[in-house]
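This report concerns only the one structure given below.
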Amino acid sequence: MNWSIVQNNLVNISFAFLLITLLMYWSNLALANFQIFSKLGTLFTVLINLCLSMTLLIRWVSNGYFPLSNLYESLVFLTWSLTFVHLILEKQNNSKLIGAINTPISLFIISFTSFALPLEMKEASPLVPALRSNWLMMHVSIMMLSYAILILGSLLSILFLIIHKTNTYQMNQRSTDKFIHYDAEINNIANYNSYLLFNRLDILQSIDSLSYRIIGLGFPLLTIGIIAGAVWANEAWGSYWSWDPKETWALITWLIFAAYLHSRLSQSWKGEKPAILASVGFILIWICYLGVNFLGKGLHSYGWIS
């Protein structure tokens, strides 16, 4: 059996299922009374996660090492992480908004993986000496999981900013009704997804709180991943920190999310300002993960575009 064809088919099936899942979750937002869309969205997300799990497992068994050695494998693992975290958070918070914002980004990643990467980057190759270490699984998997969690938390902050700006604009337009109770104004904006209200909090508070808790979960993983990477770097290259572009941008990303959590814990900033920080963090994650690899030089560069 040609396992490369099987892996490619599983990724293509995941792409098709993500398209269906996107329709399910967005239909659920538009038609909140039809819970069948929500259940179908969750079911297809489980199937996507299983397909990606099988893809990673086949590569692991076939090649003899954990499949995180190149860009193709890391993108597949990132999509797996996003769907895995999505299912856990959706179960814990009973919110289909997570699926509605996670599915488009997962679809984008798997599309890029399937159609943009050249064929030679999808092929497994023998590990270079520096990657022949147990740190490969620990460092890279933790970093990918932290990216997935922080991406979801940051997307919620971006959604918070969009709704906040929309609400502010509508309130300014209604100058004659400027003393209307705030909760009533929020409800006018969010009638179609009122199921998102948790414990009688308005939608903005719900999104802000959920974003804060998700980022609070991802930040310790990012910290552990960076520390594990430093230990591995010392083992492989003889230095804990060499200011490699990847290391530098990882530190910048860490500082941004540290500032976000500090502002929330100290309550020095509330609402819009922390959400802007988290939104900047979303951009930095992609610069750190893809931008540096493609355009930068250094020990972590995959060297495709450059």
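Here's how to read the names in the structure tokens: chain A, B, ... by the order shown, residue numbers from 1 in each chain, ligand numbers from 1 in the order shown.
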Please build the interface table for range 5-47 of chain A against range 123-137 of chain A with a cut-off of 12 Å, listing for each qualifying residue the nearest atom pair and the distance in Å to one decimal; count only C-alpha atoms, order rows by chain and increasing number, and write it as a Markdown table.
| residue | atom | partner | partner_atom | distance |
| --- | --- | --- | --- | --- |
| A:Ile5 | CA | A:Glu123 | CA | 11.2 |
| A:Gln7 | CA | A:Glu123 | CA | 10.8 |
| A:Asn8 | CA | A:Glu123 | CA | 10.8 |
Keeping N, CA, C and O atoms, export the residues of the selection given above as a compact mmCIF listing (two decimals), in the first residue's frame.
# COMPACT_ATOMS: atom_id res chain seq x y z
N ILE A 5 -0.08 8.15 -0.62
CA ILE A 5 -1.40 8.41 -1.22
C ILE A 5 -2.47 8.42 -0.13
O ILE A 5 -3.39 9.25 -0.14
N GLN A 7 -2.09 9.17 3.05
CA GLN A 7 -1.95 10.41 3.82
C GLN A 7 -2.55 11.59 3.05
O GLN A 7 -3.27 12.42 3.63
N ASN A 8 -2.26 11.66 1.76
CA ASN A 8 -2.78 12.76 0.95
C ASN A 8 -4.30 12.72 0.89
O ASN A 8 -4.96 13.77 0.97
Using only C-alpha atoms, which protein or nucleic acid residues come within 6 Å of range 148-156 of chain A? Drop anything in the same chain fewer than 3 positions from it, and give the result as a PDB file with C-alpha atoms, in the first residue's frame.
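Writing done, so here's part.pdb:
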ATOM      1  CA  SER A  81      -4.201  20.947  17.540  1.00  0.00           C
ATOM      2  CA  LEU A  82      -6.770  23.577  16.555  1.00  0.00           C
ATOM      3  CA  LEU A 145      -0.399  23.429  21.037  1.00  0.00           C
ATOM      4  CA  LEU A 159     -14.176  39.432  17.438  1.00  0.00           C
ATOM      5  CA  SER A 211     -10.635  35.026  25.380  1.00  0.00           C
ATOM      6  CA  ILE A 214      -8.065  30.683  26.691  1.00  0.00           C
ATOM      7  CA  ILE A 215      -4.997  32.918  26.447  1.00  0.00           C
ATOM      8  CA  GLY A 218      -1.966  28.970  26.157  1.00  0.00           C
ATOM      9  CA  ALA A 278      -4.146  40.029  21.957  1.00  0.00           C
ATOM     10  CA  SER A 279      -4.882  40.952  18.334  1.00  0.00           C
ATOM     11  CA  PHE A 282      -2.285  36.922  16.742  1.00  0.00           C
TER      12      PHE A 282
END
key: Backbone DSSP call of helix (DSSP H, G or I) for range 13-211 of chain A, listed as a ChimeraX atom specification   = /A:13-30,35-63,71-93,97-116,119-122,129-131,135-173,175-177,182-189,191-196,203-211
Who sits within 12 Å of His86 in chain A, only C-alpha atoms, same chain under 6 positions skipped, as a count of residues only = 31
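For the residues A:Gln35, A:Asn12, A:Ser242, A:Ser74, ranking by smallest atom-to-atom distance to Met143 in chain A using only C-alpha atoms places A:Ser74 first.
For the set A:Ser62, A:Thr83, A:Thr21, A:Ser266, the residue with the smallest atom-to-atom gap to Val6 in chain A is A:Ser62, counting only C-alpha atoms.
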Between CA of Met144 in chain A and CA of Gly225 in chain A - distance in Å to one decimal =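 According to the coordinates, CA of Gly225 in chain A and CA of Met144 in chain A are separated by 8.8 Å.
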Wanna dump the range 14-89 of chain A-range 113-116 of chain A contacts at 9 Å for me, each residue with its shortest atom pair and the distance in Å to one decimal, counting only C-alpha atoms, ordered by chain and number, as a tab-separated table?
residue	atom	partner	partner_atom	distance
A:Phe15	CA	A:Ser114	CA	8.5
A:Leu71	CA	A:Thr113	CA	8.7
A:Tyr72	CA	A:Thr113	CA	6.2
A:Glu73	CA	A:Thr113	CA	9.0
A:Leu75	CA	A:Thr113	CA	6.6
A:Val76	CA	A:Thr113	CA	7.4
query = Expressed in Å to a single decimal, how great is the separation between CA of Glu235 in chain A and CA of Ser69 in chain A?
reply = 17.4 Å
key: One-decimal distance in Å that lies between CA of Phe77 in chain A and CA of Trp60 in chain A   =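 So the two atoms, CA of Trp60 in chain A and CA of Phe77 in chain A, lie 11.9 Å apart.
Proximity to Lys91 in chain A was assessed for A:Gly238, A:Gly271, A:Tyr25, A:Lys39 counting only C-alpha atoms; the smallest distance is recorded for A:Lys39.
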